[in-house]
$ cat entry-v8.csv   # CSV, C-alpha atoms (C1' of nucleotides)
chain,number,residue,atom,x,y,z
A,1,MET,CA,-29.0,3.5,50.9
A,2,PRO,CA,-26.5,2.5,48.3
A,3,GLU,CA,-23.2,1.3,49.7
A,4,LEU,CA,-20.4,-0.2,47.7
A,5,PRO,CA,-22.2,-3.4,46.8
A,6,GLU,CA,-25.3,-1.6,45.5
A,7,VAL,CA,-23.2,0.8,43.5
A,8,GLU,CA,-21.3,-2.1,42.0
A,9,VAL,CA,-24.5,-3.8,41.0
A,10,VAL,CA,-25.5,-0.6,39.2
A,11,ARG,CA,-22.1,-0.2,37.7
A,12,LYS,CA,-22.1,-3.7,36.2
A,13,SER,CA,-25.5,-3.3,34.5
A,14,LEU,CA,-24.8,0.3,33.4
A,15,ASP,CA,-21.4,-0.6,31.9
A,16,LYS,CA,-23.0,-3.5,29.9
A,17,LYS,CA,-25.6,-1.1,28.4
A,18,ILE,CA,-24.0,2.2,27.8
A,19,LYS,CA,-20.4,1.3,27.1
A,20,GLN,CA,-19.3,2.8,23.7
A,21,LYS,CA,-22.7,4.4,23.3
A,22,LYS,CA,-23.0,8.1,22.3
A,23,VAL,CA,-25.1,10.5,24.3
A,24,LYS,CA,-27.6,12.1,21.9
A,25,LYS,CA,-29.2,14.5,24.2
A,26,VAL,CA,-29.3,15.5,27.9
A,27,ILE,CA,-32.4,16.6,29.7
A,28,ILE,CA,-32.3,18.0,33.2
A,29,ARG,CA,-35.5,18.7,35.1
A,30,ASN,CA,-34.0,19.7,38.4
A,31,ARG,CA,-30.4,20.9,38.8
A,32,ASN,CA,-30.6,21.1,42.5
A,33,LEU,CA,-29.0,17.9,43.6
A,34,ARG,CA,-26.4,17.6,46.3
A,35,PHE,CA,-24.3,19.9,44.1
A,36,LYS,CA,-26.0,22.1,41.6
A,37,ILE,CA,-25.6,20.7,38.1
A,38,PRO,CA,-23.8,23.4,36.0
A,39,LEU,CA,-25.6,25.1,33.1
A,40,ASN,CA,-23.0,23.7,30.6
A,41,PHE,CA,-23.5,20.1,31.7
A,42,GLU,CA,-25.9,19.3,28.8
A,43,SER,CA,-23.6,20.7,26.0
A,44,PHE,CA,-20.6,19.1,27.7
A,45,LEU,CA,-22.0,15.6,27.4
A,46,LYS,CA,-23.9,15.9,24.2
A,47,ASN,CA,-22.4,13.8,21.3
A,48,GLN,CA,-19.8,12.3,23.6
A,49,LYS,CA,-19.3,8.6,23.9
A,50,ILE,CA,-19.3,6.8,27.3
A,51,ILE,CA,-16.1,4.8,27.1
A,52,LYS,CA,-16.8,2.7,30.2
A,53,VAL,CA,-18.4,2.8,33.6
A,54,ASP,CA,-16.1,2.4,36.6
A,55,ARG,CA,-16.6,2.6,40.3
A,56,PHE,CA,-14.6,3.8,43.3
A,57,SER,CA,-16.1,3.4,46.7
A,58,LYS,CA,-19.7,4.5,46.3
A,59,TYR,CA,-19.0,6.7,43.3
A,60,LEU,CA,-19.7,5.7,39.7
A,61,ILE,CA,-17.2,7.1,37.2
A,62,LEU,CA,-18.4,7.5,33.6
A,63,HIS,CA,-15.3,7.7,31.3
A,64,ILE,CA,-16.2,10.3,28.6
A,65,SER,CA,-14.7,10.2,25.1
A,66,ASN,CA,-13.3,13.7,25.5
A,67,LYS,CA,-10.9,12.4,28.3
A,68,THR,CA,-13.0,13.8,31.1
A,69,TYR,CA,-15.1,12.0,33.7
A,70,CYS,CA,-18.7,12.2,34.9
A,71,LEU,CA,-19.1,11.3,38.5
A,72,LEU,CA,-22.4,10.0,39.7
A,73,HIS,CA,-23.2,9.5,43.3
A,74,LEU,CA,-26.5,8.0,44.3
A,75,GLY,CA,-26.6,9.6,47.8
A,76,MET,CA,-29.2,8.0,49.9
A,77,SER,CA,-32.1,7.5,47.5
A,78,GLY,CA,-30.7,7.7,44.0
A,79,THR,CA,-31.6,5.1,41.4
A,80,VAL,CA,-30.6,4.7,37.8
A,81,HIS,CA,-33.1,3.3,35.2
A,82,LEU,CA,-32.6,2.3,31.6
A,83,VAL,CA,-35.7,2.8,29.6
A,84,SER,CA,-36.5,2.2,25.9
A,85,ASN,CA,-37.0,5.3,23.9
A,86,ASN,CA,-39.9,4.0,21.9
A,87,ASP,CA,-42.4,2.4,24.3
A,88,LYS,CA,-41.1,3.9,27.5
A,89,SER,CA,-40.8,0.4,29.0
A,90,LEU,CA,-37.8,-0.6,31.0
A,91,ILE,CA,-35.3,-2.6,29.1
A,92,THR,CA,-35.8,-6.3,29.9
A,93,ASN,CA,-33.5,-8.1,27.5
A,94,THR,CA,-31.3,-9.7,30.2
A,95,SER,CA,-32.2,-11.7,33.2
A,96,PHE,CA,-31.1,-8.8,35.4
A,97,TYR,CA,-33.8,-6.6,33.9
A,98,SER,CA,-37.1,-7.9,35.2
A,99,ASN,CA,-39.8,-6.5,37.4
A,100,PRO,CA,-39.9,-3.2,35.7
A,101,ILE,CA,-40.9,-0.2,37.8
A,102,LEU,CA,-40.2,3.4,36.7
A,103,PRO,CA,-41.0,6.1,39.3
A,104,LYS,CA,-43.2,8.9,38.2
A,105,LYS,CA,-41.7,11.7,40.4
A,106,HIS,CA,-38.1,12.9,40.9
A,107,ASN,CA,-36.7,11.8,37.5
A,108,HIS,CA,-34.1,14.7,37.5
A,109,VAL,CA,-31.7,13.8,34.8
A,110,GLU,CA,-32.0,11.9,31.5
A,111,LEU,CA,-29.1,10.8,29.2
A,112,ILE,CA,-30.6,9.9,25.9
A,113,PHE,CA,-28.8,7.4,23.7
A,114,GLU,CA,-29.7,6.0,20.3
A,115,ASP,CA,-32.5,3.6,21.3
A,116,PHE,CA,-32.8,3.9,25.1
A,117,LYS,CA,-32.3,6.5,27.8
A,118,LEU,CA,-30.7,6.5,31.3
A,119,ILE,CA,-33.0,8.1,33.9
A,120,TYR,CA,-31.6,9.3,37.2
A,121,ASN,CA,-34.3,9.3,39.9
A,122,ASP,CA,-33.6,10.7,43.4
A,123,PRO,CA,-36.4,11.7,45.8
A,124,ARG,CA,-34.1,13.1,48.5
A,125,ARG,CA,-31.6,14.7,46.1
A,126,PHE,CA,-28.6,13.7,48.1
A,127,GLY,CA,-26.9,12.3,45.1
A,128,PHE,CA,-25.1,14.3,42.4
A,129,PHE,CA,-23.5,14.4,38.9
A,130,GLN,CA,-20.2,16.1,38.6
A,131,ILE,CA,-17.8,16.7,35.6
A,132,ILE,CA,-14.2,16.1,36.4
A,133,ASP,CA,-11.8,17.6,33.9
A,134,ASN,CA,-8.8,15.2,34.0
A,135,ASP,CA,-7.0,12.5,35.8
A,136,PHE,CA,-5.3,14.9,38.1
A,137,GLU,CA,-8.6,16.4,39.2
A,138,LEU,CA,-10.1,12.9,39.6
A,139,LYS,CA,-7.3,11.9,41.9
A,140,LYS,CA,-7.8,15.1,43.9
A,141,ARG,CA,-11.5,14.4,44.1
A,142,PHE,CA,-10.9,11.1,45.7
A,143,SER,CA,-8.0,12.1,47.9
A,144,HIS,CA,-10.1,12.2,51.0
A,145,LEU,CA,-11.1,8.6,50.5
A,146,GLY,CA,-9.2,5.7,52.1
A,147,PRO,CA,-8.6,2.3,50.5
A,148,GLU,CA,-11.5,0.0,49.7
A,149,PRO,CA,-11.7,-3.1,51.8
A,150,PHE,CA,-10.5,-5.1,48.8
A,151,SER,CA,-7.3,-3.1,48.5
A,152,THR,CA,-4.0,-4.6,49.6
A,153,LYS,CA,-3.5,-1.2,51.3
A,154,PHE,CA,-6.2,-2.2,53.7
A,155,ASN,CA,-4.0,-4.4,55.8
A,156,VAL,CA,-3.3,-5.0,59.5
A,157,ARG,CA,-0.3,-2.6,59.6
A,158,TYR,CA,-2.4,0.2,58.0
A,159,ILE,CA,-5.3,-0.3,60.4
A,160,LEU,CA,-3.1,-0.5,63.6
A,161,SER,CA,-1.2,2.6,62.7
A,162,PHE,CA,-4.4,4.4,61.7
A,163,PHE,CA,-5.9,3.6,65.1
A,164,LYS,CA,-2.9,4.9,67.1
A,165,ARG,CA,-4.0,7.7,69.4
A,166,LYS,CA,-7.6,7.5,68.2
A,167,LYS,CA,-10.3,7.4,70.8
A,168,LYS,CA,-13.5,6.6,68.9
A,169,ASN,CA,-15.2,3.3,68.6
A,170,ILE,CA,-14.8,0.8,65.7
A,171,LYS,CA,-18.3,1.4,64.3
A,172,ASN,CA,-17.4,5.1,63.8
A,173,PHE,CA,-14.3,4.2,61.8
A,174,LEU,CA,-15.9,1.6,59.6
A,175,LEU,CA,-18.2,4.5,58.5
A,176,ASP,CA,-15.3,6.9,58.1
A,177,GLN,CA,-14.6,7.0,54.4
A,178,TYR,CA,-11.1,8.5,55.1
A,179,PHE,CA,-10.2,5.3,56.9
A,180,VAL,CA,-11.9,2.8,54.6
A,181,SER,CA,-14.2,3.6,51.8
A,182,GLY,CA,-17.3,2.0,50.6
A,183,ILE,CA,-18.8,0.7,53.8
A,184,GLY,CA,-22.0,2.3,55.0
A,185,ASN,CA,-24.3,2.0,58.0
A,186,ILE,CA,-25.9,-1.4,57.1
A,187,TYR,CA,-22.7,-3.3,56.2
A,188,ALA,CA,-20.8,-1.8,59.2
A,189,SER,CA,-23.2,-3.6,61.6
A,190,GLU,CA,-23.1,-6.8,59.6
A,191,ILE,CA,-19.3,-6.8,59.4
A,192,LEU,CA,-18.9,-6.3,63.2
A,193,PHE,CA,-21.3,-9.0,64.0
A,194,LEU,CA,-19.3,-11.5,61.9
A,195,CYS,CA,-16.1,-10.3,63.6
A,196,LYS,CA,-17.8,-10.8,67.1
A,197,ILE,CA,-16.7,-7.2,67.9
A,198,ASN,CA,-18.9,-4.9,69.8
A,199,PRO,CA,-19.6,-1.7,67.7
A,200,SER,CA,-18.9,0.5,70.8
A,201,LYS,CA,-15.4,-1.0,71.3
A,202,LYS,CA,-12.7,1.6,71.3
A,203,VAL,CA,-10.3,1.0,68.5
A,204,SER,CA,-7.3,1.4,70.9
A,205,LYS,CA,-8.3,-1.9,72.4
A,206,LEU,CA,-8.3,-3.8,69.1
A,207,LYS,CA,-5.7,-6.5,68.6
A,208,LYS,CA,-3.9,-7.6,65.5
A,209,LYS,CA,-6.3,-10.6,65.3
A,210,ASP,CA,-9.3,-8.3,65.4
A,211,CYS,CA,-7.9,-6.2,62.6
A,212,GLN,CA,-7.4,-9.3,60.5
A,213,LYS,CA,-11.1,-10.3,61.1
A,214,ILE,CA,-12.3,-6.8,60.1
A,215,ILE,CA,-10.3,-7.1,56.8
A,216,ASN,CA,-11.6,-10.6,56.1
A,217,PHE,CA,-15.2,-10.1,56.9
A,218,SER,CA,-15.4,-6.7,55.2
A,219,LYS,CA,-14.4,-8.3,52.0
A,220,LYS,CA,-16.6,-11.3,52.5
A,221,VAL,CA,-19.8,-9.3,53.3
A,222,LEU,CA,-19.4,-6.9,50.5
A,223,LEU,CA,-18.6,-9.6,47.9
A,224,HIS,CA,-21.5,-11.7,49.1
A,225,ALA,CA,-23.8,-8.7,48.9
A,226,ILE,CA,-22.6,-7.9,45.3
A,227,LYS,CA,-23.3,-11.5,44.4
A,228,LYS,CA,-26.8,-11.2,45.8
A,229,GLY,CA,-27.6,-8.1,43.8
A,230,GLY,CA,-27.2,-5.7,46.7
A,231,SER,CA,-29.6,-5.0,49.5
A,232,THR,CA,-33.0,-3.3,49.3
A,233,ILE,CA,-34.3,-1.7,52.5
A,234,ARG,CA,-36.3,1.2,51.3
A,235,ASP,CA,-34.8,2.8,48.2
A,236,PHE,CA,-32.2,0.8,46.4
A,237,LYS,CA,-33.2,-0.8,43.1
A,238,SER,CA,-31.2,-1.9,40.2
A,239,THR,CA,-31.3,-0.2,36.8
A,240,SER,CA,-34.4,-2.1,35.9
A,241,GLY,CA,-36.3,-1.6,39.1
A,242,LYS,CA,-35.4,-4.9,40.5
A,243,LYS,CA,-34.8,-5.2,44.2
A,244,GLY,CA,-31.7,-6.8,45.7
A,245,ASN,CA,-31.7,-9.9,47.7
A,246,PHE,CA,-29.0,-9.4,50.4
A,247,GLN,CA,-31.4,-7.9,52.9
A,248,ASN,CA,-32.7,-11.4,53.5
A,249,LYS,CA,-29.2,-12.4,54.6
A,250,PHE,CA,-28.9,-9.7,57.3
A,251,LYS,CA,-27.7,-11.1,60.6
A,252,VAL,CA,-28.3,-8.0,62.7
A,253,TYR,CA,-29.5,-5.0,60.7
A,254,GLU,CA,-33.1,-4.2,61.5
A,255,ARG,CA,-33.3,-7.2,63.7
A,256,GLY,CA,-33.6,-5.4,67.0
A,257,GLY,CA,-35.2,-7.5,69.7
A,258,LEU,CA,-34.8,-10.7,67.8
A,259,LYS,CA,-32.7,-13.7,68.7
A,260,CYS,CA,-29.0,-13.8,67.7
A,261,LYS,CA,-28.6,-15.9,64.5
A,262,ARG,CA,-25.4,-17.5,65.7
A,263,ALA,CA,-26.4,-21.1,66.4
A,264,GLU,CA,-24.6,-21.5,69.8
A,265,CYS,CA,-25.5,-18.0,71.0
A,266,GLU,CA,-28.5,-17.1,73.3
A,267,GLY,CA,-28.1,-13.4,72.8
A,268,THR,CA,-30.6,-10.8,71.6
A,269,ILE,CA,-30.0,-8.2,68.9
A,270,LYS,CA,-29.9,-4.7,70.3
A,271,LYS,CA,-30.4,-1.4,68.6
A,272,LYS,CA,-28.2,1.5,69.6
A,273,THR,CA,-27.5,4.9,68.2
A,274,ILE,CA,-23.8,5.5,67.6
A,275,SER,CA,-22.9,8.9,66.2
A,276,MET,CA,-26.4,9.6,65.0
A,277,ARG,CA,-26.7,6.3,63.1
A,278,SER,CA,-28.7,3.2,64.2
A,279,THR,CA,-26.4,0.3,65.0
A,280,PHE,CA,-27.4,-3.3,65.5
A,281,TYR,CA,-25.4,-5.9,67.5
A,282,CYS,CA,-25.7,-9.0,69.6
A,283,ASN,CA,-25.5,-8.3,73.3
A,284,ILE,CA,-23.7,-11.6,74.0
A,285,CYS,CA,-21.4,-12.7,71.3
A,286,GLN,CA,-20.1,-9.3,70.3
A,287,LYS,CA,-17.4,-8.4,72.8
B,1,DA,C1',-5.6,16.8,65.1
B,2,DA,C1',-9.5,14.6,66.4
B,3,DG,C1',-14.2,14.3,67.4
B,4,DA,C1',-18.9,16.0,68.0
B,5,DG,C1',-22.8,17.7,65.9
B,6,DG,C1',-25.6,19.6,62.2
B,7,DC,C1',-27.5,20.2,57.6
B,8,DC,C1',-29.1,18.9,53.0
B,9,DC,C1',-34.1,16.4,51.4
B,10,DT,C1',-38.5,13.6,50.8
B,11,DG,C1',-41.3,9.7,52.0
B,12,DA,C1',-42.9,6.3,55.1
B,13,DT,C1',-44.8,5.5,59.4
B,14,DA,C1',-46.3,6.4,64.2
B,15,DG,C1',-49.1,8.8,67.3
B,16,DC,C1',-52.7,11.8,68.6
C,1,DT,C1',-59.5,11.7,58.6
C,2,DG,C1',-55.6,14.8,58.8
C,3,DC,C1',-52.2,16.9,61.3
C,4,DT,C1',-47.4,16.8,63.3
C,5,DA,C1',-43.2,14.4,64.7
C,6,DT,C1',-39.7,11.2,63.9
C,7,DC,C1',-36.7,8.4,61.4
C,8,DA,C1',-34.0,6.8,57.4
C,9,DG,C1',-28.4,7.7,56.5
C,10,DG,C1',-24.1,9.5,52.7
C,11,DG,C1',-21.2,13.3,52.4
C,12,DC,C1',-19.5,17.4,53.8
C,13,DC,C1',-19.2,21.3,56.7
C,14,DT,C1',-18.3,24.0,61.1
C,15,DC,C1',-17.1,24.4,65.7
C,16,DT,C1',-14.5,23.2,69.7
$ encode --input "entry-v8.csv" --output "structure tokens"
Amino acid sequence: MPELPEVEVVRKSLDKKIKQKKVKKVIIRNRNLRFKIPLNFESFLKNQKIIKVDRFSKYLILHISNKTYCLLHLGMSGTVHLVSNNDKSLITNTSFYSNPILPKKHNHVELIFEDFKLIYNDPRRFGFFQIIDNDFELKKRFSHLGPEPFSTKFNVRYILSFFKRKKKNIKNFLLDQYFVSGIGNIYASEILFLCKINPSKKVSKLKKKDCQKIINFSKKVLLHAIKKGGSTIRDFKSTSGKKGNFQNKFKVYERGGLKCKRAECEGTIKKKTISMRSTFYCNICQK
DNA sequence: AAGAGGCCCTGATAGC
DNA sequence: TGCTATCAGGGCCTCT
């Protein structure tokens, strides 16, 4: 369940290792990801350099030396692994790369570099690789995505005007990538807890002050999670197989039935399904 | 236009 | 033990 922080953790380690490296060979074992990998994908990437690894929202953007882009989305269960070409062990030359585990099944895509390779593993195949031809197409590809929480465009004025004449609840909109991009189901619950806003609250009832809280805590939670190496619930691992640490910091997620972590609050964390997604909140301090 | 619902897929777990 | 059902949730699509 990679959300923005998990993808950013992957981006950082990936950029460090494959920036300015040339793709020697591409191996695809299963083309049937979220979108079918086209037959020319291998020849397209072969002998190209990866200029750098960028990220927008939950998308990784590999800048290719022929002025195109390779998008990589991890879907729900995608992981990226960097493995030595010689002894098949995971690369362990930085502190980030420890606890090496390479899955045996579902290694669908390999990008082979001079002395190591990148392996894309994805049991559920909700992730994808996509070649984007130019800047214009890249812009178009992301046109359905709203600003990231860090963007200055994500401000009180924007939020209030977006919520005009909308009838859904706030949890729904935090997951709506057209409204704000990068937040997923886990962090949506965490953000609303910190804001003391009930996830079922209709956005038409939100005040200026609430919007400001949403802005502040969205940034805070995501940045904190990045710092902690992301969250590992079931699937997410870094490029070396290392798990994240942020799950230990969850205030509400997967804490149904437990006591509210707010010191002065006697509430209990409840689990509720909102638009087909499990949602956690405190029944007392989230109004 | 906005919102509700469904589908893609596999693995872990629960219940019988 | 082995079977089936349920849940996990990101993105995108259709239908109303």
$ interface_residues --input "entry-v8.csv" --of "chain C" --to "chain A" --cutoff "12 Å" --atoms "all atoms listed in the file" --output "PyMOL selection string"
chain C and resi 7-12
$ write_last_selection --input "entry-v8.csv" --atoms "C-alpha atoms (C1' of nucleotides)" --output "short mmCIF file (atom, residue, chain, number, x, y, z; two decimals), in the frame of the given file"
data_model
loop_
_atom_site.label_atom_id
_atom_site.label_comp_id
_atom_site.auth_asym_id
_atom_site.auth_seq_id
_atom_site.Cartn_x
_atom_site.Cartn_y
_atom_site.Cartn_z
"C1'" DC C 7 -36.70 8.40 61.40
"C1'" DA C 8 -34.00 6.80 57.40
"C1'" DG C 9 -28.40 7.70 56.50
"C1'" DG C 10 -24.10 9.50 52.70
"C1'" DG C 11 -21.20 13.30 52.40
"C1'" DC C 12 -19.50 17.40 53.80
#
$ residues_near_point --input "entry-v8.csv" --point "(-22.8, -8.2, 72.6)" --cutoff "12 Å" --atoms "all atoms listed in the file" --output "PyMOL selection string"
chain A and resi 189+192-201+252+259-260+262+265-272+279-287
$ residues_around --input "entry-v8.csv" --residues "DA14 in chain B" --least-positions-apart "2" --cutoff "10 Å" --atoms "all atoms listed in the file" --output "PyMOL selection string"
(chain B and resi 12+16) or (chain C and resi 5-6)
$ interface_residues --input "entry-v8.csv" --of "chain B" --to "chain A" --cutoff "8 Å" --atoms "all atoms listed in the file" --output "VMD selection string"
chain B and resid 2 to 3 8 to 10
$ residues_near_point --input "entry-v8.csv" --point "(-21.3, -5.7, 56.4)" --cutoff "7 Å" --atoms "only C-alpha atoms (C1' of nucleotides)" --output "list in words"
Ile186, Tyr187, Ala188, Ser189, Glu190, Ile191, Ser218, Val221 and Leu222 of chain A
$ atom_distance --input "entry-v8.csv" --atom1 "CA of Arg141 in chain A" --atom2 "CA of Gly229 in chain A"
27.7 Å
$ atom_distance --input "entry-v8.csv" --atom1 "CA of Leu4 in chain A" --atom2 "CA of Phe41 in chain A"
26.0 Å
$ atom_distance --input "entry-v8.csv" --atom1 "CA of Cys211 in chain A" --atom2 "CA of Leu223 in chain A"
18.5 Å
$ decode --input "entry-v8.csv" --residues "chain B" --atoms "N, CA and C atoms (P, O5', C5', C4', C3', O3' and C1' of nucleotides)" --output "tab-separated table (two decimals), in the first residue's frame"
chain	number	residue	atom	x	y	z
B	1	DA	P	-19.62	18.70	-16.77
B	1	DA	O5'	-19.76	18.89	-15.19
B	1	DA	C5'	-20.32	20.04	-14.64
B	1	DA	C4'	-20.77	19.70	-13.24
B	1	DA	C3'	-19.69	19.08	-12.36
B	1	DA	O3'	-19.83	19.60	-11.05
B	1	DA	C1'	-21.49	17.54	-12.61
B	2	DA	P	-18.80	19.21	-9.93
B	2	DA	O5'	-19.51	17.99	-9.20
B	2	DA	C5'	-20.78	18.21	-8.60
B	2	DA	C4'	-21.30	16.90	-8.06
B	2	DA	C3'	-20.33	16.14	-7.17
B	2	DA	O3'	-21.01	15.82	-5.98
B	2	DA	C1'	-21.16	14.70	-8.85
B	3	DG	P	-20.23	15.21	-4.73
B	3	DG	O5'	-20.70	13.69	-4.80
B	3	DG	C5'	-22.09	13.42	-4.79
B	3	DG	C4'	-22.32	11.98	-5.14
B	3	DG	C3'	-21.47	10.97	-4.35
B	3	DG	O3'	-22.33	9.96	-3.89
B	3	DG	C1'	-21.35	10.50	-6.64
B	4	DA	P	-21.96	9.12	-2.61
B	4	DA	O5'	-22.49	7.69	-3.05
B	4	DA	C5'	-23.68	7.57	-3.83
B	4	DA	C4'	-23.60	6.31	-4.65
B	4	DA	C3'	-22.89	5.16	-3.94
B	4	DA	O3'	-23.73	4.01	-3.98
B	4	DA	C1'	-21.98	5.49	-6.11
B	5	DG	P	-23.36	2.71	-3.16
B	5	DG	O5'	-22.71	1.79	-4.29
B	5	DG	C5'	-23.39	1.64	-5.54
B	5	DG	C4'	-22.46	0.96	-6.53
B	5	DG	C3'	-21.68	-0.22	-5.95
B	5	DG	O3'	-22.01	-1.37	-6.72
B	5	DG	C1'	-20.27	1.21	-7.22
B	6	DG	P	-21.45	-2.81	-6.34
B	6	DG	O5'	-20.41	-3.03	-7.53
B	6	DG	C5'	-20.79	-2.76	-8.86
B	6	DG	C4'	-19.59	-2.96	-9.78
B	6	DG	C3'	-18.74	-4.17	-9.41
B	6	DG	O3'	-18.34	-4.81	-10.60
B	6	DG	C1'	-17.39	-2.24	-9.44
B	7	DC	P	-18.02	-6.39	-10.55
B	7	DC	O5'	-16.63	-6.42	-11.30
B	7	DC	C5'	-16.43	-5.68	-12.50
B	7	DC	C4'	-14.96	-5.34	-12.63
B	7	DC	C3'	-14.03	-6.47	-12.19
B	7	DC	O3'	-13.30	-6.93	-13.30
B	7	DC	C1'	-13.32	-4.35	-11.35
B	8	DC	P	-12.68	-8.40	-13.25
B	8	DC	O5'	-11.12	-8.07	-13.19
B	8	DC	C5'	-10.51	-7.27	-14.21
B	8	DC	C4'	-9.23	-6.71	-13.68
B	8	DC	C3'	-8.38	-7.74	-12.93
B	8	DC	O3'	-7.46	-8.33	-13.82
B	8	DC	C1'	-8.42	-5.58	-11.83
B	9	DC	P	-7.34	-9.94	-13.78
B	9	DC	O5'	-6.51	-10.16	-12.44
B	9	DC	C5'	-5.18	-9.64	-12.36
B	9	DC	C4'	-4.70	-9.75	-10.94
B	9	DC	C3'	-4.85	-11.14	-10.34
B	9	DC	O3'	-3.67	-11.87	-10.60
B	9	DC	C1'	-5.34	-9.37	-8.77
B	10	DT	P	-3.60	-13.41	-10.19
B	10	DT	O5'	-3.03	-13.35	-8.70
B	10	DT	C5'	-1.74	-12.82	-8.46
B	10	DT	C4'	-1.53	-12.71	-6.97
B	10	DT	C3'	-1.51	-14.04	-6.23
B	10	DT	O3'	-0.28	-14.06	-5.52
B	10	DT	C1'	-3.01	-12.51	-5.16
B	11	DG	P	0.18	-15.30	-4.67
B	11	DG	O5'	-0.06	-14.78	-3.20
B	11	DG	C5'	0.54	-13.56	-2.81
B	11	DG	C4'	0.14	-13.26	-1.39
B	11	DG	C3'	0.25	-14.45	-0.44
B	11	DG	O3'	0.73	-13.95	0.79
B	11	DG	C1'	-1.97	-13.65	-0.46
B	12	DA	P	1.18	-14.96	1.94
B	12	DA	O5'	0.22	-14.49	3.12
B	12	DA	C5'	0.14	-13.12	3.45
B	12	DA	C4'	-1.00	-12.90	4.41
B	12	DA	C3'	-1.10	-13.93	5.53
B	12	DA	O3'	-1.31	-13.24	6.75
B	12	DA	C1'	-3.15	-13.84	4.34
B	13	DT	P	-1.25	-14.03	8.14
B	13	DT	O5'	-2.79	-14.21	8.48
B	13	DT	C5'	-3.65	-13.08	8.39
B	13	DT	C4'	-5.08	-13.53	8.40
B	13	DT	C3'	-5.42	-14.58	9.48
B	13	DT	O3'	-6.46	-14.06	10.28
B	13	DT	C1'	-6.38	-15.13	7.40
B	14	DA	P	-6.85	-14.74	11.69
B	14	DA	O5'	-8.41	-14.99	11.47
B	14	DA	C5'	-9.19	-14.01	10.78
B	14	DA	C4'	-10.51	-14.64	10.39
B	14	DA	C3'	-11.08	-15.61	11.41
B	14	DA	O3'	-12.47	-15.34	11.57
B	14	DA	C1'	-10.87	-16.69	9.31
B	15	DG	P	-13.29	-16.00	12.79
B	15	DG	O5'	-14.15	-17.12	12.08
B	15	DG	C5'	-14.93	-16.79	10.93
B	15	DG	C4'	-15.43	-18.06	10.29
B	15	DG	C3'	-15.86	-19.13	11.29
B	15	DG	O3'	-17.16	-19.60	10.93
B	15	DG	C1'	-14.38	-20.04	9.69
B	16	DC	P	-18.03	-20.55	11.93
B	16	DC	O5'	-18.11	-21.93	11.15
B	16	DC	C5'	-18.69	-21.97	9.84
B	16	DC	C4'	-18.19	-23.21	9.13
B	16	DC	C3'	-18.49	-24.51	9.85
B	16	DC	O3'	-19.40	-25.30	9.08
B	16	DC	C1'	-16.26	-24.47	9.00
